[in-house]
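Novice: So here's run12.cif, just mmCIF, C-alpha atoms:
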```cif
data_data
#
loop_
_atom_site.label_atom_id
_atom_site.label_comp_id
_atom_site.auth_asym_id
_atom_site.auth_seq_id
_atom_site.Cartn_x
_atom_site.Cartn_y
_atom_site.Cartn_z
CA MET A 257 -5.69 1.75 29.80
CA ILE A 258 -9.43 1.06 30.07
CA VAL A 259 -11.85 3.90 30.64
CA LYS A 260 -15.50 3.04 31.15
CA SER A 261 -17.47 3.99 28.07
CA THR A 262 -21.17 4.78 27.94
CA LEU A 263 -22.75 5.73 24.66
CA HIS A 264 -24.79 8.83 25.28
CA THR A 265 -27.67 10.09 23.23
CA LEU A 266 -26.30 11.09 19.85
CA VAL A 267 -25.58 14.77 19.54
CA SER A 268 -25.40 16.92 16.45
CA LEU A 269 -21.75 17.94 16.74
CA PHE A 270 -20.79 15.80 13.79
CA LEU A 271 -23.48 16.82 11.31
CA CYS A 272 -21.38 19.66 9.99
CA LEU A 273 -19.03 17.09 8.48
CA LEU A 274 -21.67 16.13 5.97
CA SER A 275 -21.44 19.51 4.27
CA PHE A 276 -17.69 19.88 3.63
CA ASP A 277 -16.56 20.36 0.05
CA SER A 278 -14.88 17.49 -1.78
CA ILE A 279 -14.28 16.72 -5.42
CA SER A 280 -15.05 13.03 -4.93
CA GLN A 281 -17.53 11.46 -2.57
CA PRO A 282 -15.65 10.11 0.46
CA LYS A 283 -16.91 7.16 2.45
CA ILE A 284 -18.18 8.35 5.80
CA ASP A 285 -20.23 6.91 8.67
CA SER A 286 -21.22 10.08 10.52
CA PHE A 287 -23.51 8.12 12.87
CA PHE A 288 -20.65 6.15 14.41
CA PHE A 289 -18.11 8.96 14.60
CA ASN A 290 -20.74 11.20 16.14
CA GLN A 291 -20.72 8.72 19.04
CA LEU A 292 -16.95 9.06 19.39
CA LEU A 293 -17.22 12.83 19.55
CA ALA A 294 -19.82 12.53 22.28
CA GLU A 295 -17.40 10.37 24.29
CA SER A 296 -14.41 12.71 23.99
CA ASP A 297 -13.57 16.05 25.53
CA HIS A 298 -10.25 16.12 23.68
CA THR A 299 -9.87 19.50 21.96
CA VAL A 300 -7.47 18.35 19.26
CA PHE A 301 -9.60 15.33 18.43
CA LYS A 302 -12.69 17.48 17.93
CA GLN A 303 -10.68 20.03 15.97
CA VAL A 304 -9.38 17.50 13.44
CA LEU A 305 -12.71 15.75 12.96
CA SER A 306 -14.49 19.06 12.43
CA GLU A 307 -12.11 20.01 9.59
CA PRO A 308 -11.21 16.71 7.93
CA ASN A 309 -10.09 18.17 4.60
CA LYS A 310 -7.81 20.71 6.26
CA TYR A 311 -6.03 17.83 7.98
CA ARG A 312 -6.51 15.42 5.05
CA CYS A 313 -7.80 13.04 7.71
CA GLN A 314 -9.01 9.54 6.81
CA ILE A 315 -9.97 6.72 9.19
CA ILE A 316 -10.98 3.09 8.73
CA TYR A 317 -12.18 1.14 11.77
CA THR A 318 -12.94 -2.53 11.17
CA GLN A 319 -15.03 -4.47 13.68
CA ILE A 320 -14.33 -8.21 13.85
CA ASP A 321 -17.04 -10.58 15.00
CA ARG A 322 -16.74 -14.35 15.23
CA ASN A 323 -19.25 -17.17 15.10
CA LYS A 324 -19.21 -20.07 17.55
CA ARG A 325 -16.47 -21.77 15.54
CA GLY A 326 -14.30 -18.66 15.79
CA VAL A 327 -14.59 -17.76 12.09
CA PRO A 328 -14.23 -13.97 11.76
CA SER A 329 -16.39 -11.57 9.79
CA PHE A 330 -15.49 -7.94 9.14
CA LYS A 331 -17.41 -4.68 9.14
CA ASN A 332 -15.65 -1.54 7.91
CA ILE A 333 -16.61 1.87 9.30
CA TYR A 334 -15.22 4.82 7.38
CA PHE A 335 -14.45 8.46 8.02
CA ASN A 336 -13.64 10.66 5.00
CA VAL A 337 -11.99 7.76 3.16
CA ASP A 338 -11.19 8.88 -0.37
CA PRO A 339 -8.49 7.34 -2.62
CA ASP A 340 -8.19 10.69 -4.38
CA LEU A 341 -7.31 12.55 -1.18
CA TYR A 342 -3.54 12.12 -1.38
CA PHE A 343 -1.32 11.51 1.60
CA ASN A 344 2.34 10.62 1.49
CA PRO A 345 2.69 7.01 2.73
CA ALA A 346 6.29 7.59 3.87
CA SER A 347 7.48 4.47 5.73
CA MET A 348 4.21 2.63 5.07
CA VAL A 349 5.78 1.42 1.81
CA LYS A 350 8.15 -0.75 3.90
CA MET A 351 5.27 -3.09 4.72
CA PRO A 352 4.44 -4.29 1.17
CA LEU A 353 8.17 -4.40 0.36
CA ALA A 354 8.72 -6.82 3.25
CA PHE A 355 5.81 -8.95 1.99
CA LEU A 356 7.05 -8.95 -1.60
CA ALA A 357 10.63 -9.74 -0.57
CA LEU A 358 9.49 -12.91 1.23
CA GLU A 359 7.29 -13.81 -1.70
CA LYS A 360 10.33 -13.51 -3.98
CA MET A 361 12.49 -15.53 -1.56
CA LYS A 362 9.99 -18.37 -1.73
CA GLY A 363 10.37 -18.40 -5.49
CA LEU A 364 14.16 -18.59 -5.11
CA SER A 365 14.11 -21.45 -2.60
CA LYS A 366 14.99 -23.97 -5.33
CA ARG A 367 18.38 -22.28 -5.51
CA GLY A 368 19.08 -23.30 -1.92
CA ILE A 369 18.57 -19.89 -0.35
CA ASN A 370 16.09 -18.52 2.17
CA LYS A 371 15.47 -15.33 4.11
CA PHE A 372 18.33 -16.07 6.53
CA THR A 373 20.93 -16.75 3.83
CA PRO A 374 23.89 -14.32 4.09
CA LEU A 375 24.17 -11.84 1.25
CA SER A 376 26.15 -8.95 -0.10
CA ILE A 377 24.89 -6.07 -2.22
CA ASP A 378 26.86 -4.71 -5.18
CA SER A 379 27.16 -1.21 -6.60
CA SER A 380 27.07 -0.90 -10.38
CA TYR A 381 25.38 2.42 -11.15
CA PRO A 382 26.18 6.02 -10.12
CA LYS A 383 25.33 6.80 -6.47
CA GLN A 384 24.48 3.19 -5.64
CA VAL A 385 25.89 2.04 -2.30
CA ALA A 386 27.29 -1.44 -1.73
CA MET A 387 26.59 -3.42 1.46
CA MET A 388 29.01 -6.09 2.62
CA ALA A 389 28.28 -6.19 6.35
CA ASP A 390 25.53 -5.36 8.84
CA PRO A 391 26.90 -4.49 12.31
CA SER A 392 23.44 -4.97 13.89
CA ALA A 393 23.15 -8.63 12.80
CA PRO A 394 24.27 -11.49 15.09
CA ASP A 395 27.09 -12.53 12.72
CA LYS A 396 27.50 -9.09 11.10
CA LYS A 397 26.18 -10.59 7.85
CA PRO A 398 23.27 -9.01 5.98
CA SER A 399 20.22 -11.13 5.12
CA ILE A 400 16.71 -10.50 3.84
CA ALA A 401 15.35 -11.57 7.26
CA HIS A 402 17.47 -9.05 9.14
CA LEU A 403 16.63 -6.26 6.69
CA ILE A 404 12.93 -6.93 7.27
CA LYS A 405 13.38 -6.91 11.04
CA ARG A 406 15.08 -3.51 10.86
CA ALA A 407 12.44 -2.12 8.49
CA LEU A 408 9.57 -3.17 10.77
CA LEU A 409 10.83 -2.89 14.37
CA ILE A 410 11.50 0.85 14.40
CA SER A 411 11.08 1.60 10.69
CA GLU A 412 14.71 2.02 9.57
CA ASN A 413 15.12 3.51 6.09
CA ASP A 414 18.16 1.77 4.62
CA PRO A 415 16.62 -1.72 4.92
CA TYR A 416 13.68 -0.45 2.85
CA ASN A 417 16.08 0.73 0.15
CA ARG A 418 17.71 -2.71 0.11
CA LEU A 419 14.39 -4.53 -0.16
CA TYR A 420 13.41 -2.16 -2.99
CA GLN A 421 16.69 -2.99 -4.76
CA PHE A 422 16.17 -6.72 -4.22
CA VAL A 423 12.60 -6.92 -5.53
CA GLY A 424 13.13 -4.27 -8.21
CA GLN A 425 11.03 -1.24 -9.13
CA GLY A 426 9.24 -2.96 -12.00
CA PRO A 427 8.26 -6.18 -10.18
CA ILE A 428 7.20 -4.20 -7.08
CA ASN A 429 4.57 -2.27 -9.00
CA SER A 430 3.46 -4.97 -11.44
CA SER A 431 2.99 -7.45 -8.59
CA LEU A 432 0.90 -5.08 -6.45
CA GLN A 433 -1.22 -4.13 -9.47
CA ARG A 434 -1.85 -7.80 -10.31
CA LYS A 435 -2.95 -8.42 -6.73
CA GLY A 436 -5.57 -5.71 -7.09
CA TYR A 437 -3.84 -3.00 -5.05
CA THR A 438 -4.42 -0.56 -7.87
CA SER A 439 -3.63 2.60 -5.91
CA ALA A 440 -0.07 1.39 -5.24
CA ARG A 441 2.70 3.31 -6.98
CA ILE A 442 6.15 2.82 -5.43
CA THR A 443 8.64 4.80 -7.48
CA ARG A 444 11.42 5.85 -5.16
CA GLN A 445 13.92 4.83 -2.54
CA PHE A 446 14.79 7.02 0.44
CA MET A 447 18.14 7.94 -1.10
CA GLY A 448 17.55 11.31 -2.78
CA TYR A 449 17.81 9.61 -6.18
CA THR A 450 16.59 10.94 -9.52
CA GLU A 451 13.77 9.17 -11.37
CA GLU A 452 16.32 7.38 -13.56
CA GLN A 453 18.47 6.30 -10.60
CA ASN A 454 15.40 4.84 -8.89
CA ARG A 455 14.81 2.61 -11.91
CA HIS A 456 18.10 0.82 -11.28
CA GLY A 457 18.43 -1.95 -8.70
CA ASN A 458 21.71 -3.22 -7.22
CA GLY A 459 23.04 -6.70 -7.79
CA PHE A 460 22.73 -9.25 -4.94
CA ARG A 461 24.91 -12.25 -4.05
CA PHE A 462 23.86 -15.02 -1.66
CA TYR A 463 26.39 -17.26 0.09
CA ASN A 464 26.51 -20.53 2.00
CA GLU A 465 27.97 -20.84 5.51
CA THR A 466 31.52 -21.24 4.21
CA GLY A 467 31.28 -18.23 1.88
CA GLY A 468 30.58 -20.13 -1.32
CA LEU A 469 28.37 -18.36 -3.85
CA LEU A 470 24.88 -19.86 -4.08
CA TYR A 471 23.16 -17.36 -6.33
CA ALA A 472 23.97 -14.03 -7.98
CA GLN A 473 21.08 -11.73 -8.89
CA PRO A 474 22.22 -9.28 -11.56
CA PRO A 475 21.48 -5.55 -11.36
CA SER A 476 17.95 -4.71 -12.49
CA TYR A 477 16.42 -1.94 -14.55
CA ASN A 478 12.75 -1.02 -14.90
CA LYS A 479 11.80 -0.16 -18.49
CA ASP A 480 8.09 0.20 -17.71
CA SER A 481 6.45 3.62 -17.61
CA PHE A 482 4.18 4.97 -14.87
CA ASN A 483 0.77 6.50 -15.31
CA PHE A 484 0.91 9.44 -12.96
CA PRO A 485 -2.30 11.26 -11.96
CA ALA A 486 -3.07 14.92 -12.35
CA SER A 487 -0.71 17.14 -10.41
CA ILE A 488 -0.70 16.67 -6.62
CA LEU A 489 0.40 20.01 -5.18
CA ILE A 490 0.37 20.56 -1.41
CA GLY A 491 1.49 23.48 0.75
CA GLU A 492 2.16 27.14 0.29
CA ALA A 493 5.95 26.90 0.05
CA HIS A 494 8.63 24.21 0.23
CA ILE A 495 12.30 23.57 0.84
CA ASN A 496 14.10 22.25 -2.24
CA ARG A 497 17.13 19.93 -2.50
CA LYS A 498 19.46 22.93 -2.16
CA GLU A 499 17.86 23.74 1.21
CA GLU A 500 16.31 26.87 -0.30
CA LEU A 501 12.84 28.18 0.58
CA VAL A 502 10.77 28.19 -2.61
CA PRO A 503 7.36 29.91 -2.87
CA GLY A 504 4.63 27.60 -4.09
CA PRO A 505 3.45 24.10 -3.22
CA PHE A 506 5.47 20.89 -3.08
CA ASP A 507 4.86 18.53 -5.99
CA PHE A 508 3.90 15.04 -4.77
CA THR A 509 2.74 13.84 -8.21
CA LYS A 510 5.59 11.34 -8.72
CA GLN A 511 6.03 10.40 -5.07
CA ASN A 512 5.10 7.01 -3.62
CA ASN A 513 1.39 6.38 -3.17
CA ILE A 514 -0.89 3.74 -1.61
CA SER A 515 -4.46 4.40 -0.50
CA LEU A 516 -5.42 3.78 3.12
CA GLU A 517 -7.85 1.03 2.08
CA ASP A 518 -5.18 -0.80 0.09
CA GLN A 519 -2.72 -0.54 2.97
CA GLN A 520 -5.19 -2.08 5.40
CA LYS A 521 -6.07 -4.83 2.93
CA MET A 522 -2.37 -5.66 2.59
CA LEU A 523 -2.08 -6.07 6.35
CA GLN A 524 -5.28 -8.11 6.44
CA ALA A 525 -3.81 -10.36 3.72
CA VAL A 526 -1.07 -11.40 6.17
CA VAL A 527 -3.09 -11.39 9.41
CA PHE A 528 -6.15 -13.16 7.93
CA PRO A 529 -5.08 -14.52 4.53
CA GLN A 530 -8.17 -16.75 4.20
CA SER A 531 -10.44 -13.71 4.50
CA LEU A 532 -9.34 -12.35 1.11
CA SER A 533 -9.31 -13.80 -2.38
CA ARG A 534 -6.16 -15.64 -3.47
CA LYS A 535 -5.45 -12.78 -5.85
CA LYS A 536 -4.90 -10.33 -2.98
CA ARG A 537 -2.75 -12.62 -0.84
CA PHE A 538 1.03 -12.81 -0.70
CA ASN A 539 2.51 -16.17 -1.66
CA MET A 540 4.66 -17.13 1.32
CA SER A 541 5.18 -20.06 3.65
CA LYS A 542 3.52 -20.36 7.05
CA GLU A 543 6.94 -19.83 8.61
CA ASP A 544 7.47 -16.60 6.67
CA ARG A 545 4.01 -15.34 7.63
CA LEU A 546 4.72 -15.94 11.34
CA PHE A 547 8.08 -14.20 10.91
CA LEU A 548 6.32 -11.12 9.54
CA LEU A 549 3.68 -11.17 12.27
CA GLN A 550 6.39 -11.36 14.91
CA PHE A 551 8.24 -8.28 13.73
CA LEU A 552 5.09 -6.32 12.94
CA SER A 553 4.30 -6.62 16.66
CA GLN A 554 7.54 -7.27 18.58
CA TYR A 555 8.91 -4.46 20.76
CA PRO A 556 12.44 -3.02 20.66
CA SER A 557 12.78 -3.96 24.36
CA GLU A 558 12.36 -7.63 23.40
CA THR A 559 14.95 -7.60 20.64
CA ASN A 560 18.65 -8.50 20.88
CA TYR A 561 19.57 -7.94 17.22
CA PRO A 562 19.36 -5.04 16.53
CA PHE A 563 20.07 -3.98 20.12
CA TYR A 564 18.11 -0.73 20.17
CA ASP A 565 18.18 1.64 23.13
CA ASP A 566 14.65 1.09 24.44
CA THR A 567 14.63 4.39 26.35
CA ILE A 568 14.74 6.12 22.95
CA TYR A 569 12.92 3.47 20.93
CA PHE A 570 10.35 2.63 23.57
CA ASP A 571 7.73 -0.10 23.09
CA SER A 572 5.07 2.17 21.61
CA TYR A 573 7.55 4.19 19.52
CA VAL A 574 5.94 2.98 16.26
CA LYS A 575 2.52 2.18 17.76
CA PHE A 576 0.84 5.55 17.23
CA PHE A 577 -2.57 4.57 18.61
CA PHE A 578 -0.88 3.61 21.91
CA ASN A 579 2.09 5.97 21.66
CA ASP A 580 3.29 7.07 25.09
CA SER A 581 6.91 6.90 26.24
CA THR A 582 5.84 7.00 29.90
CA LEU A 583 3.51 3.99 29.78
CA LYS A 584 3.97 0.33 28.94
CA ILE A 585 1.47 -1.38 26.66
CA PRO A 586 -0.21 -4.09 28.82
CA ASN A 587 0.94 -7.67 28.28
CA ASN A 588 -2.54 -8.68 27.12
CA ILE A 589 -2.37 -6.33 24.12
CA ARG A 590 -0.38 -6.69 20.91
CA VAL A 591 -0.39 -4.28 17.99
CA PHE A 592 0.49 -5.67 14.54
CA ASN A 593 1.11 -2.58 12.47
CA LYS A 594 3.18 -0.28 10.33
CA VAL A 595 3.45 3.49 10.57
CA GLY A 596 4.70 6.28 8.35
CA TRP A 597 5.63 9.86 9.04
CA ALA A 598 7.11 12.44 6.65
CA TYR A 599 6.33 15.88 5.21
CA GLY A 600 3.76 16.43 7.99
CA PHE A 601 1.80 13.26 7.20
CA LEU A 602 1.26 10.70 9.97
CA THR A 603 -0.21 7.27 9.18
CA ASP A 604 -0.82 4.08 11.17
CA VAL A 605 -2.36 0.86 9.89
CA SER A 606 -2.93 -1.54 12.79
CA TYR A 607 -4.46 -4.83 13.84
CA VAL A 608 -4.99 -4.88 17.62
CA VAL A 609 -5.51 -7.97 19.81
CA ASP A 610 -6.43 -8.02 23.51
CA THR A 611 -6.35 -11.53 24.99
CA LEU A 612 -7.79 -10.41 28.34
CA HIS A 613 -11.04 -9.12 26.87
CA ASN A 614 -10.86 -11.35 23.77
CA ILE A 615 -11.27 -8.49 21.33
CA ASP A 616 -9.52 -7.71 18.06
CA TYR A 617 -10.01 -5.08 15.40
CA PHE A 618 -8.31 -3.14 12.62
CA LEU A 619 -7.76 0.61 12.90
CA SER A 620 -6.11 2.73 10.20
CA ALA A 621 -5.76 6.49 10.06
CA THR A 622 -3.80 9.23 8.35
CA LEU A 623 -3.68 13.00 8.81
CA TYR A 624 -1.61 15.99 7.73
CA VAL A 625 -0.28 18.39 10.37
CA ASN A 626 1.61 21.31 8.84
CA SER A 627 0.15 24.61 10.02
CA ASP A 628 2.95 26.81 8.59
CA GLY A 629 2.24 25.50 5.09
CA VAL A 630 5.95 24.95 4.33
CA VAL A 631 6.65 21.40 3.11
CA ASN A 632 9.98 19.70 3.78
CA ASP A 633 11.13 22.15 6.48
CA SER A 634 10.93 19.52 9.28
CA LYS A 635 8.64 21.84 11.24
CA TYR A 636 5.37 20.00 11.70
CA ASP A 637 2.65 19.81 14.33
CA GLU A 638 3.26 16.16 15.17
CA ALA A 639 3.71 16.66 18.92
CA THR A 640 0.83 19.12 19.36
CA VAL A 641 -1.75 17.75 16.90
CA GLY A 642 -0.76 14.54 15.12
CA PHE A 643 0.29 12.22 17.92
CA PRO A 644 -2.35 13.49 20.40
CA PHE A 645 -5.08 12.95 17.81
CA LEU A 646 -3.97 9.40 17.00
CA ARG A 647 -3.63 8.51 20.71
CA GLU A 648 -7.13 9.76 21.44
CA LEU A 649 -8.57 7.96 18.43
CA GLY A 650 -6.83 4.78 19.58
CA ARG A 651 -8.14 5.20 23.13
CA LEU A 652 -11.72 5.78 22.03
CA ILE A 653 -11.81 2.83 19.64
CA TYR A 654 -10.17 0.51 22.18
CA ASN A 655 -12.65 1.49 24.89
CA TYR A 656 -15.54 1.10 22.46
CA GLU A 657 -14.32 -2.40 21.57
CA VAL A 658 -14.00 -3.42 25.24
CA ASN A 659 -17.64 -2.52 25.78
CA ARG A 660 -19.07 -3.59 22.41
CA PRO A 661 -21.52 -6.52 22.77
CA ARG A 662 -20.70 -9.65 20.81
CA ILE A 663 -22.80 -12.71 20.07
CA SER A 664 -19.75 -14.93 20.49
CA ASN A 665 -16.52 -14.10 22.29
CA PRO A 666 -14.08 -17.03 21.85
CA PRO A 667 -10.59 -16.91 23.43
CA LEU A 668 -7.93 -15.19 21.33
CA ASP A 669 -4.16 -15.44 21.19
CA PHE A 670 -1.44 -13.50 19.38
CA LEU A 671 -1.89 -15.46 16.14
CA GLY A 672 0.51 -18.15 17.29
CA VAL A 673 3.45 -15.74 17.38
CA ARG A 674 6.29 -16.26 19.85
CA TYR A 675 8.42 -13.33 20.92
CA GLU A 676 12.06 -12.94 21.85
CA SER A 677 13.35 -12.01 25.29
CA ARG A 678 16.12 -9.44 25.55
CA ASN A 679 19.40 -10.46 27.15
CA ASN A 680 20.80 -7.32 28.73
CA GLU A 681 23.94 -9.23 29.70
CA LEU A 682 25.19 -9.33 26.12
CA GLY A 683 27.42 -6.34 26.86
CA LYS A 684 26.54 -4.73 23.54
CA GLU A 685 26.40 -0.99 22.99
CA LYS A 686 22.80 0.05 22.44
CA ILE A 687 21.83 1.61 19.14
CA LYS A 688 20.78 5.19 19.85
CA ASP A 689 20.52 6.86 16.45
CA VAL A 690 19.11 5.45 13.21
CA ASP A 691 17.77 6.95 10.00
CA ASN A 692 14.03 6.32 10.05
#
```
Could you write out this structure as structure tokens?

Specialist:
Amino acid sequence: MIVKSTLHTLVSLFLCLLSFDSISQPKIDSFFFNQLLAESDHTVFKQVLSEPNKYRCQIIYTQIDRNKRGVPSFKNIYFNVDPDLYFNPASMVKMPLAFLALEKMKGLSKRGINKFTPLSIDSSYPKQVAMMADPSAPDKKPSIAHLIKRALLISENDPYNRLYQFVGQGPINSSLQRKGYTSARITRQFMGYTEEQNRHGNGFRFYNETGGLLYAQPPSYNKDSFNFPASILIGEAHINRKEELVPGPFDFTKQNNISLEDQQKMLQAVVFPQSLSRKKRFNMSKEDRLFLLQFLSQYPSETNYPFYDDTIYFDSYVKFFFNDSTLKIPNNIRVFNKVGWAYGFLTDVSYVVDTLHNIDYFLSATLYVNSDGVVNDSKYDEATVGFPFLRELGRLIYNYEVNRPRISNPPLDFLGVRYESRNNELGKEKIKDVDN
């Protein structure tokens, strides 16, 4: 895992990045990333960094330093970070939805319900799908807690849809805007719905242990309008809903959107809530925060419910900066993160802790890998460009952190999180195929 790093004399390989064309002025620290290029002989890594706009590549690396009392301070280092350079967040939207769902549950606690309370989901509008049971839960009963686990552990899609329905399209967006995450625009579920169908949320019912109704949340409807930006057109051709090849770019204008900076701030708001203003934090209990931290970092191989097949959903399956099915992430390292991948976009927003070397840092990156220019054809360069680039970036930053001098280096832990231990004697059939 650790490769000795020596920072050579800075070379001029990276200077060409200062001259690329861009409508806006992206944030970029060419001095630092020039050092990374000097440390790497990875062809794909050099290729992506030399053409950042082609790959719509953005990176934020945040150094964390602590004083003698262990209080952290943060220094952000940017590469081509531009809120106007669109990328599709894909499954990244599951992270704020999990946060907002727990925030809403806290507000409903006076009704005698919490995140573990059993629930059912109604269907009251065309194409809505009811949910009465969850086979992956210990008691087969759905709950907000179990939906969040499924959304975070290996990034299942249906739990996201349910959290979206629970919080509601209107409150999702108004809440994130009030918190100052102004780039956030979450308009759709992963259900193939029309704009109007996405405005409707299912009804929810919460029950006590004997099946008595505790609270019924009626179906919701968002009457608010969205301020969409100028057209966001990407690609040379696309596949439409009829599975037809259509000449011309894919229109992302009304798709979900969150900037990379806002995504990292959202994660920071849960990892280090005191480091941000109250406005940007999520209002949840200490217990709920630890719950989130656990399932942002727990591995499928540690989890009994859902009982995923960990040969398919290996430990680093959704840890792109450490992604390798043949290697195990060392016990001294935990990655608290969320990833997204769709339409050729790959994104990872991570907080990394190493308790052996007592280092921690944030690393966030996104890139677009679609060399044939056809959007929505499921033929992307993830295996040849996307994942190799993110692994190499993760390796370089980790090695840099291991060797980076610090004034103070207090002992670290995994934020007080305790993890499960899988019981392979349960006799359960492992889950081998999910929609994610």

Novice: Report as number ranges by chain all protein, DNA and RNA residues lying within 10 Å of A:Ser620, evaluated on all atoms listed in the file, omitting residues in the same chain fewer than 5 positions from it.

Specialist: A: 314-318, 334, 516-517, 519-520, 577, 593-595, 603-607, 646, 650

Novice: Using only C-alpha atoms, which residue out of A:Val527, A:Met348, A:Leu403, A:Val641 lies closest to A:Phe618?

Specialist: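 Smallest separation from A:Phe618 among the options: A:Val527.
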
Novice: To one decimal in Å, tell me the separation between atom CA of A:Lys283 and atom CA of A:Phe645.

Specialist: 20.2 Å

Novice: Could you state the separation of atom CA of A:Ser481 and atom CA of A:Phe538 in Å, given to one decimal place?

Specialist: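 According to the coordinates, atom CA of A:Ser481 and atom CA of A:Phe538 are separated by 24.2 Å.
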
Novice: Measuring between all atoms listed in the file, which one of A:Leu419, A:Ile400, A:Ile514, A:Ile333 shows the shortest distance to A:Thr438?

Specialist: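 Looking only at the distances to A:Thr438, the closest residue turns out to be A:Ile514.
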
Novice: Can you tell me how far atom CA of A:Ala357 sits from atom CA of A:Ile369, in Å to one decimal?

Specialist: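 We find that atom CA of A:Ala357 and atom CA of A:Ile369 lie 12.9 Å from each other.
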
Novice: Identify all residues satisfying the PyMOL selection byres ((chain A and resi 602) around 7) in the given file; provide them as a PyMOL selection string.

Specialist: chain A and resi 596-598+600-601+603+622-624+642

Novice: Can you pull out every residue within 9 Å of A:Arg537, counting only C-alpha atoms, but drop anything in the same chain fewer than 3 positions away, and send it as JSON, numbers by chain?

Specialist: {"A": [435, 522, 524, 525, 526, 529, 530, 532, 533, 534, 540]}

Novice: Quick one: everything within 10 Å of stretch 447-462 of chain A, counting all atoms listed in the file, minus sequence neighbours fewer than 3 positions away in the same chain. Send it as an MDAnalysis selection string.

Specialist: chainID A and resid 367:370 372:388 398:399 413:414 417:426 443:444 467:480 497 510

Novice: Restricting it to C-alpha atoms, dump the selection as a JSON list (two decimals), in the frame of the given file.

Specialist:
```
[["chain", "number", "residue", "atom", "x", "y", "z"],
["A", 367, "ARG", "CA", 18.38, -22.28, -5.51],
["A", 368, "GLY", "CA", 19.08, -23.30, -1.92],
["A", 369, "ILE", "CA", 18.57, -19.89, -0.35],
["A", 370, "ASN", "CA", 16.09, -18.52, 2.17],
["A", 372, "PHE", "CA", 18.33, -16.07, 6.53],
["A", 373, "THR", "CA", 20.93, -16.75, 3.83],
["A", 374, "PRO", "CA", 23.89, -14.32, 4.09],
["A", 375, "LEU", "CA", 24.17, -11.84, 1.25],
["A", 376, "SER", "CA", 26.15, -8.95, -0.10],
["A", 377, "ILE", "CA", 24.89, -6.07, -2.22],
["A", 378, "ASP", "CA", 26.86, -4.71, -5.18],
["A", 379, "SER", "CA", 27.16, -1.21, -6.60],
["A", 380, "SER", "CA", 27.07, -0.90, -10.38],
["A", 381, "TYR", "CA", 25.38, 2.42, -11.15],
["A", 382, "PRO", "CA", 26.18, 6.02, -10.12],
["A", 383, "LYS", "CA", 25.33, 6.80, -6.47],
["A", 384, "GLN", "CA", 24.48, 3.19, -5.64],
["A", 385, "VAL", "CA", 25.89, 2.04, -2.30],
["A", 386, "ALA", "CA", 27.29, -1.44, -1.73],
["A", 387, "MET", "CA", 26.59, -3.42, 1.46],
["A", 388, "MET", "CA", 29.01, -6.09, 2.62],
["A", 398, "PRO", "CA", 23.27, -9.01, 5.98],
["A", 399, "SER", "CA", 20.22, -11.13, 5.12],
["A", 413, "ASN", "CA", 15.12, 3.51, 6.09],
["A", 414, "ASP", "CA", 18.16, 1.77, 4.62],
["A", 417, "ASN", "CA", 16.08, 0.73, 0.15],
["A", 418, "ARG", "CA", 17.71, -2.71, 0.11],
["A", 419, "LEU", "CA", 14.39, -4.53, -0.16],
["A", 420, "TYR", "CA", 13.41, -2.16, -2.99],
["A", 421, "GLN", "CA", 16.69, -2.99, -4.76],
["A", 422, "PHE", "CA", 16.17, -6.72, -4.22],
["A", 423, "VAL", "CA", 12.60, -6.92, -5.53],
["A", 424, "GLY", "CA", 13.13, -4.27, -8.21],
["A", 425, "GLN", "CA", 11.03, -1.24, -9.13],
["A", 426, "GLY", "CA", 9.24, -2.96, -12.00],
["A", 443, "THR", "CA", 8.64, 4.80, -7.48],
["A", 444, "ARG", "CA", 11.42, 5.85, -5.16],
["A", 467, "GLY", "CA", 31.28, -18.23, 1.88],
["A", 468, "GLY", "CA", 30.58, -20.13, -1.32],
["A", 469, "LEU", "CA", 28.37, -18.36, -3.85],
["A", 470, "LEU", "CA", 24.88, -19.86, -4.08],
["A", 471, "TYR", "CA", 23.16, -17.36, -6.33],
["A", 472, "ALA", "CA", 23.97, -14.03, -7.98],
["A", 473, "GLN", "CA", 21.08, -11.73, -8.89],
["A", 474, "PRO", "CA", 22.22, -9.28, -11.56],
["A", 475, "PRO", "CA", 21.48, -5.55, -11.36],
["A", 476, "SER", "CA", 17.95, -4.71, -12.49],
["A", 477, "TYR", "CA", 16.42, -1.94, -14.55],
["A", 478, "ASN", "CA", 12.75, -1.02, -14.90],
["A", 479, "LYS", "CA", 11.80, -0.16, -18.49],
["A", 480, "ASP", "CA", 8.09, 0.20, -17.71],
["A", 497, "ARG", "CA", 17.13, 19.93, -2.50],
["A", 510, "LYS", "CA", 5.59, 11.34, -8.72]]
```

Novice: For A:Ser515, which residue among A:Ser296, A:Ser439, A:Asn332, A:Asn655 is the nearest when counting only C-alpha atoms?

Specialist: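 Residue with the minimum atom-to-atom distance to A:Ser515: A:Ser439.
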
Novice: Could you spell out the hits of the PyMOL selection byres ((chain A and resi 637) around 7) on the shown file, as number ranges by chain?

Specialist: A: 625-627, 636, 638-642

Novice: Translate the PyMOL selection byres ((chain A and resi 657) around 10) into a concrete residue list for this structure, as a ChimeraX atom specification.

Specialist: /A:261,319-320,610,613-617,651-656,658-662

Novice: Tell me which of A:Glu648, A:Ile428, A:Lys397, A:Lys686 sits closest to A:Leu293, counting only C-alpha atoms.

Specialist: A:Glu648

Novice: Which centre and which edge lengths, in Å to one decimal, describe the axis-aligned box that holds all listed atoms of stretch 532-543 of chain A after 6 Å is added on each side, as JSON?

Specialist:
```
{"center_x": -1.2, "center_y": -15.3, "center_z": 1.4, "size_x": 28.3, "size_y": 22.0, "size_z": 26.5}
```
